[in-house]
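As provided, final-v1.cif (mmCIF, C-alpha atoms) reads as follows.
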```
data_coords
#
loop_
_atom_site.label_atom_id
_atom_site.label_comp_id
_atom_site.auth_asym_id
_atom_site.auth_seq_id
_atom_site.Cartn_x
_atom_site.Cartn_y
_atom_site.Cartn_z
CA MET A 4 -36.49 -14.67 26.20
CA SER A 5 -33.48 -12.44 26.98
CA GLU A 6 -31.34 -11.08 24.16
CA CYS A 7 -28.30 -13.21 23.25
CA THR A 8 -25.06 -11.70 24.53
CA HIS A 9 -22.96 -14.21 22.53
CA ASP A 10 -21.42 -15.34 25.81
CA CYS A 11 -22.06 -19.08 25.62
CA SER A 12 -21.29 -19.54 29.30
CA SER A 13 -24.47 -17.64 30.16
CA CYS A 14 -26.94 -19.38 27.84
CA GLY A 15 -28.55 -22.78 27.43
CA GLU A 16 -27.60 -25.61 25.11
CA ASN A 17 -30.53 -24.83 22.79
CA CYS A 18 -29.45 -21.27 22.09
CA SER A 19 -29.41 -20.74 18.31
CA SER A 20 -26.18 -18.75 18.52
CA ARG A 21 -24.23 -21.47 20.29
CA LYS A 22 -21.59 -23.02 18.04
CA ASP A 23 -19.38 -26.07 18.34
CA PRO A 24 -15.68 -25.38 18.98
CA GLN A 25 -13.86 -24.77 15.71
CA ASP A 26 -11.33 -27.39 14.66
CA LEU A 27 -8.16 -25.46 13.81
CA ARG A 28 -5.98 -28.45 12.95
CA GLU A 29 -4.05 -28.20 9.70
CA LYS A 30 -3.38 -31.06 7.32
CA PRO A 31 0.28 -32.00 6.80
CA HIS A 32 1.89 -31.78 3.38
CA PRO A 33 0.04 -34.08 0.92
CA LEU A 34 3.22 -36.15 0.51
CA SER A 35 3.50 -36.71 4.25
CA LYS A 36 2.04 -39.53 6.30
CA ILE A 37 2.75 -39.18 10.01
CA LYS A 38 1.38 -41.81 12.38
CA LYS A 39 2.19 -40.57 15.90
CA ILE A 40 3.22 -37.13 17.15
CA ILE A 41 4.80 -36.45 20.55
CA ALA A 42 5.51 -32.92 21.76
CA VAL A 43 8.36 -32.47 24.25
CA VAL A 44 7.67 -29.48 26.48
CA SER A 45 9.10 -27.66 29.47
CA GLY A 46 7.73 -24.89 31.65
CA LYS A 47 11.09 -23.11 31.68
CA GLY A 48 14.31 -23.03 29.69
CA GLY A 49 17.61 -24.65 30.57
CA VAL A 50 16.32 -28.06 31.64
CA GLY A 51 17.66 -29.99 28.64
CA LYS A 52 14.45 -30.35 26.66
CA SER A 53 16.23 -30.49 23.29
CA MET A 54 18.68 -33.06 24.62
CA VAL A 55 15.80 -35.26 25.81
CA THR A 56 14.02 -34.82 22.47
CA SER A 57 17.19 -35.91 20.67
CA MET A 58 17.68 -38.99 22.86
CA LEU A 59 14.04 -40.03 22.43
CA ALA A 60 14.29 -39.66 18.65
CA ALA A 61 17.63 -41.46 18.48
CA GLN A 62 16.30 -44.41 20.48
CA THR A 63 13.08 -44.56 18.44
CA ASN A 64 15.13 -44.62 15.25
CA ARG A 65 17.39 -47.28 16.80
CA ASN A 66 14.25 -49.35 17.39
CA GLY A 67 13.67 -49.46 13.65
CA LYS A 68 10.95 -46.80 13.44
CA LYS A 69 10.89 -44.04 10.85
CA THR A 70 11.55 -40.98 12.99
CA ALA A 71 11.38 -37.21 12.53
CA ILE A 72 12.06 -34.10 14.62
CA LEU A 73 10.22 -30.83 14.06
CA ASP A 74 12.26 -28.16 15.84
CA ALA A 75 9.63 -25.68 16.99
CA ASP A 76 12.08 -23.73 19.18
CA ILE A 77 12.49 -21.02 16.57
CA THR A 78 14.48 -18.52 18.64
CA GLY A 79 16.76 -21.15 20.18
CA PRO A 80 17.09 -24.04 17.70
CA SER A 81 19.69 -26.56 18.85
CA ILE A 82 18.62 -29.85 17.22
CA PRO A 83 20.84 -29.42 14.11
CA GLN A 84 23.92 -28.92 16.29
CA VAL A 85 23.16 -32.01 18.38
CA PHE A 86 23.03 -34.15 15.22
CA GLY A 87 25.90 -32.42 13.43
CA LEU A 88 23.73 -31.01 10.66
CA SER A 89 25.03 -28.08 8.66
CA GLY A 90 24.08 -26.33 5.47
CA GLN A 91 20.56 -25.59 4.36
CA ALA A 92 17.41 -27.56 3.69
CA TYR A 93 16.33 -27.56 0.07
CA GLY A 94 12.98 -27.64 -1.65
CA ASP A 95 11.33 -27.82 -5.00
CA GLU A 96 7.96 -26.95 -6.48
CA ASN A 97 6.37 -29.55 -4.19
CA GLY A 98 7.67 -28.27 -0.87
CA ILE A 99 10.60 -28.24 1.58
CA LEU A 100 12.71 -31.36 2.08
CA PRO A 101 13.86 -32.19 5.63
CA VAL A 102 17.54 -32.87 6.31
CA LYS A 103 18.49 -36.39 7.34
CA THR A 104 20.87 -37.22 10.17
CA GLY A 105 23.59 -39.80 9.64
CA LYS A 106 21.21 -42.55 10.83
CA GLY A 107 18.24 -41.28 8.81
CA ILE A 108 16.18 -39.13 11.21
CA ASN A 109 14.31 -36.42 9.28
CA VAL A 110 14.87 -32.96 10.78
CA ILE A 111 13.57 -29.48 10.04
CA SER A 112 14.74 -26.45 11.98
CA LEU A 113 15.08 -22.73 11.34
CA ASN A 114 18.85 -23.12 11.51
CA LEU A 115 18.60 -25.32 8.40
CA LEU A 116 16.86 -22.54 6.49
CA ILE A 117 18.89 -19.42 7.30
CA GLU A 118 22.29 -18.45 5.90
CA HIS A 119 24.03 -17.75 9.22
CA THR A 120 23.06 -19.94 12.18
CA THR A 121 24.19 -17.30 14.67
CA ASP A 122 21.84 -14.61 13.32
CA PRO A 123 19.23 -13.71 15.96
CA VAL A 124 15.57 -14.27 15.19
CA ILE A 125 13.97 -10.91 15.97
CA TRP A 126 10.38 -11.73 15.10
CA ARG A 127 7.09 -11.20 16.86
CA GLY A 128 5.14 -14.14 18.25
CA PRO A 129 2.60 -14.53 15.43
CA VAL A 130 5.38 -14.66 12.81
CA ILE A 131 7.26 -17.33 14.78
CA ALA A 132 4.06 -19.33 15.22
CA GLY A 133 3.41 -19.06 11.48
CA VAL A 134 6.83 -20.54 10.68
CA VAL A 135 6.14 -23.52 12.96
CA LYS A 136 2.84 -24.10 11.18
CA GLN A 137 4.68 -24.06 7.83
CA PHE A 138 7.07 -26.71 9.15
CA TRP A 139 3.99 -28.91 9.43
CA THR A 140 2.16 -27.98 6.22
CA ASP A 141 5.00 -27.23 3.77
CA VAL A 142 7.65 -29.83 4.62
CA ILE A 143 7.61 -33.13 2.74
CA TRP A 144 8.08 -35.48 5.68
CA GLY A 145 7.23 -38.66 3.78
CA ASP A 146 6.29 -41.74 5.82
CA VAL A 147 6.97 -41.22 9.53
CA ASP A 148 6.15 -43.57 12.39
CA TYR A 149 7.00 -41.12 15.18
CA MET A 150 7.49 -37.37 15.02
CA PHE A 151 8.94 -35.53 18.02
CA ILE A 152 8.27 -31.81 18.29
CA ASP A 153 10.91 -29.92 20.25
CA MET A 154 8.85 -27.13 21.77
CA PRO A 155 10.08 -23.77 23.04
CA PRO A 156 9.85 -23.35 26.83
CA GLY A 157 6.74 -21.88 28.39
CA THR A 158 3.11 -21.64 27.33
CA GLY A 159 3.14 -18.86 24.73
CA ASP A 160 2.22 -18.43 21.07
CA VAL A 161 4.14 -21.38 19.65
CA PRO A 162 2.85 -24.08 22.05
CA LEU A 163 -0.67 -22.77 21.50
CA THR A 164 -0.20 -22.88 17.71
CA VAL A 165 1.23 -26.41 17.83
CA PHE A 166 -1.53 -27.78 20.05
CA GLN A 167 -4.26 -26.14 17.95
CA SER A 168 -2.81 -26.78 14.49
CA ILE A 169 -1.10 -30.17 14.76
CA PRO A 170 -2.83 -33.39 15.89
CA VAL A 171 -0.47 -34.08 18.80
CA ASP A 172 -1.04 -37.53 20.35
CA GLY A 173 0.58 -36.69 23.68
CA ILE A 174 3.22 -34.64 25.47
CA ILE A 175 6.30 -35.43 27.51
CA ILE A 176 7.26 -32.87 30.16
CA VAL A 177 10.94 -32.24 30.89
CA THR A 178 11.94 -30.75 34.22
CA SER A 179 14.84 -30.55 36.71
CA PRO A 180 15.15 -31.24 40.47
CA GLN A 181 14.45 -27.77 41.96
CA GLU A 182 11.53 -27.05 44.29
CA LEU A 183 10.39 -24.24 42.00
CA VAL A 184 9.92 -26.72 39.20
CA SER A 185 6.74 -28.27 40.63
CA MET A 186 5.04 -24.93 40.01
CA ILE A 187 6.54 -24.74 36.51
CA VAL A 188 5.40 -28.30 35.78
CA GLU A 189 1.89 -27.41 36.90
CA LYS A 190 1.74 -24.71 34.23
CA ALA A 191 2.63 -27.25 31.53
CA VAL A 192 0.15 -29.77 32.94
CA ASN A 193 -2.65 -27.22 33.02
CA MET A 194 -1.98 -26.17 29.44
CA ALA A 195 -2.08 -29.78 28.28
CA LYS A 196 -5.38 -30.28 30.07
CA ALA A 197 -6.80 -27.07 28.61
CA MET A 198 -5.87 -28.27 25.11
CA ASN A 199 -7.16 -31.79 25.88
CA ILE A 200 -3.84 -33.48 25.11
CA PRO A 201 -2.72 -36.54 27.12
CA ILE A 202 0.43 -36.32 29.26
CA LEU A 203 2.49 -39.41 28.43
CA GLY A 204 5.21 -38.98 31.02
CA ILE A 205 7.66 -36.71 32.80
CA VAL A 206 11.46 -36.66 32.57
CA GLU A 207 13.62 -35.22 35.33
CA ASN A 208 16.85 -34.27 33.62
CA MET A 209 20.10 -33.72 35.59
CA SER A 210 18.47 -35.71 38.37
CA TYR A 211 21.75 -36.94 39.90
CA PHE A 212 25.41 -37.61 39.24
CA LYS A 213 26.78 -41.10 39.76
CA CYS A 214 30.37 -41.07 40.98
CA ASP A 215 32.74 -43.35 39.07
CA GLN A 216 34.86 -43.86 42.19
CA CYS A 217 32.34 -44.65 44.92
CA GLY A 218 29.28 -45.54 42.85
CA ARG A 219 27.03 -43.28 44.93
CA GLU A 220 24.40 -40.98 43.45
CA HIS A 221 24.91 -37.31 44.31
CA SER A 222 22.05 -34.80 43.99
CA ILE A 223 23.97 -31.87 42.50
CA PHE A 224 20.88 -29.72 41.90
CA GLY A 225 18.93 -30.75 45.00
CA GLU A 226 16.94 -33.78 46.03
CA SER A 227 14.55 -35.24 43.48
CA HIS A 228 10.83 -34.55 43.89
CA ILE A 229 9.82 -36.17 40.62
CA GLU A 230 7.86 -39.07 42.11
CA GLU A 231 5.68 -36.88 44.31
CA THR A 232 5.24 -34.32 41.55
CA ALA A 233 4.17 -37.03 39.09
CA LYS A 234 1.80 -38.56 41.63
CA ARG A 235 0.25 -35.17 42.33
CA PHE A 236 -0.62 -34.72 38.66
CA GLY A 237 -1.55 -38.33 37.96
CA ILE A 238 1.46 -39.01 35.69
CA ASP A 239 2.49 -42.66 35.91
CA SER A 240 5.53 -42.75 33.59
CA VAL A 241 8.62 -41.17 35.15
CA CYS A 242 12.24 -41.02 33.99
CA ARG A 243 15.22 -39.79 36.03
CA LEU A 244 18.16 -38.91 33.81
CA PRO A 245 21.64 -38.60 35.34
CA ILE A 246 24.20 -35.93 34.59
CA ASN A 247 26.28 -37.74 32.00
CA PRO A 248 29.34 -35.91 30.62
CA ALA A 249 29.67 -38.52 27.85
CA ILE A 250 26.19 -37.68 26.51
CA ALA A 251 26.92 -33.96 26.66
CA SER A 252 30.17 -34.53 24.78
CA MET A 253 28.34 -36.46 22.05
CA ALA A 254 25.90 -33.56 21.61
CA ASP A 255 28.76 -31.08 21.40
CA ARG A 256 30.41 -33.20 18.70
CA GLY A 257 27.18 -33.59 16.72
CA GLN A 258 26.82 -37.30 17.50
CA GLY A 259 23.15 -37.19 18.50
CA ASP A 260 22.42 -40.43 16.64
CA GLU A 261 24.73 -42.27 19.05
CA MET A 262 23.30 -40.93 22.32
CA LYS A 263 21.78 -43.62 24.51
CA GLU A 264 20.61 -43.82 28.14
CA ASP A 265 19.16 -46.97 29.70
CA ALA A 266 16.55 -44.88 31.53
CA ILE A 267 15.32 -43.44 28.22
CA VAL A 268 15.04 -46.92 26.67
CA LYS A 269 12.68 -48.10 29.43
CA PHE A 270 10.75 -44.82 29.53
CA LEU A 271 10.21 -44.85 25.77
CA GLU A 272 8.74 -48.35 25.93
CA GLU A 273 6.18 -47.13 28.49
CA VAL A 274 5.33 -44.01 26.50
CA VAL A 275 4.90 -45.83 23.19
CA GLY A 276 2.64 -48.34 24.93
CA LYS A 277 0.17 -45.54 25.67
CA LEU A 278 -0.21 -44.43 22.05
#
```
Could you write out this structure as structure tokens?
Amino acid sequence: MSECTHDCSSCGENCSSRKDPQDLREKPHPLSKIKKIIAVVSGKGGVGKSMVTSMLAAQTNRNGKKTAILDADITGPSIPQVFGLSGQAYGDENGILPVKTGKGINVISLNLLIEHTTDPVIWRGPVIAGVVKQFWTDVIWGDVDYMFIDMPPGTGDVPLTVFQSIPVDGIIIVTSPQELVSMIVEKAVNMAKAMNIPILGIVENMSYFKCDQCGREHSIFGESHIEETAKRFGIDSVCRLPINPAIASMADRGQGDEMKEDAIVKFLEEVVGKL
């Protein structure tokens, strides 16, 4: 029998050195009970991922579900601004307490823990990933029906940490109407498959602008390819979000609780039905 090289791809199932994959998932804070976890991801920045996360959470909360947002975009946290949250999160000997929006959504974000929200986060990847893990283990979330995790763009340290450490039930991919995006989406899809996490649906943000005068839909950022992209990757829940200045204005004014899009309402029903 040849000497074991510890490369399991080259040996048989009966090799004594073969080990089962290690489960790296962390338990949440003992005072937390979280039923379903949805990660909102994008292959690139600037596609409105945080806005989509906020609208999904606002609609879930509107549906009478206890809702939370874990802002994992450490270097670009925008969730507090969308919901008009200011000041700092507090804690006690038991852990950190999330900040509630006006309508009761629990939120934790780095911008709720630092003194000046405009201070840059100049940290290396492992440190950032460690903070995200602490948001899961050290925050007293309480009873939560649905938690949305606003992920940073790309497939780096933080997404890997989230997918390995937190029992995510599924992901929603956010994209925009450019040709390049199908390649970017494929990266997100392949990462989800590698981590064995179901893809619940795909949202094409800024898909079109509907003119108030003529009622026609105008493709400001190019023609939509969302249907063919979704079909290519076997994703059956698709949402096309229009460019809506009213929604953008609500986010700028910190009125995230009030944001509502009919397309999101229908999409959320489909997504929840898969969990």
**Report entry** Residues in the PyMOL selection byres ((chain A and resi 109) around 12), expressed as a PyMOL selection string
**Finding:** chain A and resi 35+37+57+60-61+64+68-74+82-83+86+88+92+99-108+110-112+115+142-152+260
Name the residues that the PyMOL selection byres ((chain A and resi 203-214) around 7) pulls out of this structure, and write them as a short mmCIF file (atom, residue, chain, number, x, y, z; two decimals) with C-alpha atoms, in the frame of the given file.
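Listing of expr_13.cif after writing:
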```cif
data_model
loop_
_atom_site.label_atom_id
_atom_site.label_comp_id
_atom_site.auth_asym_id
_atom_site.auth_seq_id
_atom_site.Cartn_x
_atom_site.Cartn_y
_atom_site.Cartn_z
CA VAL A 50 16.32 -28.06 31.64
CA GLY A 51 17.66 -29.99 28.64
CA GLY A 173 0.58 -36.69 23.68
CA ILE A 174 3.22 -34.64 25.47
CA ILE A 175 6.30 -35.43 27.51
CA ILE A 176 7.26 -32.87 30.16
CA VAL A 177 10.94 -32.24 30.89
CA THR A 178 11.94 -30.75 34.22
CA SER A 179 14.84 -30.55 36.71
CA PRO A 180 15.15 -31.24 40.47
CA PRO A 201 -2.72 -36.54 27.12
CA ILE A 202 0.43 -36.32 29.26
CA ASP A 215 32.74 -43.35 39.07
CA GLN A 216 34.86 -43.86 42.19
CA CYS A 217 32.34 -44.65 44.92
CA GLY A 218 29.28 -45.54 42.85
CA ARG A 219 27.03 -43.28 44.93
CA GLU A 220 24.40 -40.98 43.45
CA HIS A 221 24.91 -37.31 44.31
CA SER A 222 22.05 -34.80 43.99
CA ILE A 223 23.97 -31.87 42.50
CA SER A 227 14.55 -35.24 43.48
CA ILE A 229 9.82 -36.17 40.62
CA ILE A 238 1.46 -39.01 35.69
CA ASP A 239 2.49 -42.66 35.91
CA SER A 240 5.53 -42.75 33.59
CA VAL A 241 8.62 -41.17 35.15
CA CYS A 242 12.24 -41.02 33.99
CA ARG A 243 15.22 -39.79 36.03
CA LEU A 244 18.16 -38.91 33.81
CA PRO A 245 21.64 -38.60 35.34
CA ILE A 246 24.20 -35.93 34.59
CA VAL A 274 5.33 -44.01 26.50
#
```
Requested in this report: Translate the PyMOL selection byres ((chain A and resi 53) around 9), as applied to the file shown, into an explicit residue set as a VMD selection string.
Outcome: chain A and resid 43 50 to 52 54 to 58 74 76 80 to 82 85 153 to 154
Query raised in the report: Of the candidates A:Val184, A:Ala254, A:Ile125, A:Ile169, which shows the shortest atom-to-atom distance to Gly48 (chain A), using only C-alpha atoms?
Result: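 Among the listed residues, A:Val184 lies closest to Gly48 (chain A).
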Region 160-164 of chain A surroundings by all atoms listed in the file, 7 Å radius, close-in-sequence under 6 positions cut, as a short mmCIF file (atom, residue, chain, number, x, y, z; two decimals) with C-alpha atoms, in the coordinates of the input:
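Heads up, here's the output in around_39.cif:
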```cif
data_model
loop_
_atom_site.label_atom_id
_atom_site.label_comp_id
_atom_site.auth_asym_id
_atom_site.auth_seq_id
_atom_site.Cartn_x
_atom_site.Cartn_y
_atom_site.Cartn_z
CA GLY A 128 5.14 -14.14 18.25
CA PRO A 129 2.60 -14.53 15.43
CA ALA A 132 4.06 -19.33 15.22
CA MET A 154 8.85 -27.13 21.77
#
```
Query - Nearby residues (only C-alpha atoms) at most 12 Å from Glu118 (chain A), same-chain spacing under 3 positions excluded, as a list in words - result: Ser89, Gly90, Gln91, Ala92, Leu113, Asn114, Leu115, Thr121, Asp122 and Pro123 of chain A
Query raised in the report: What is the CA of Gly46 (chain A) to CA of Val134 (chain A) distance in Å?
Result: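 These atoms are spaced 21.4 Å apart.
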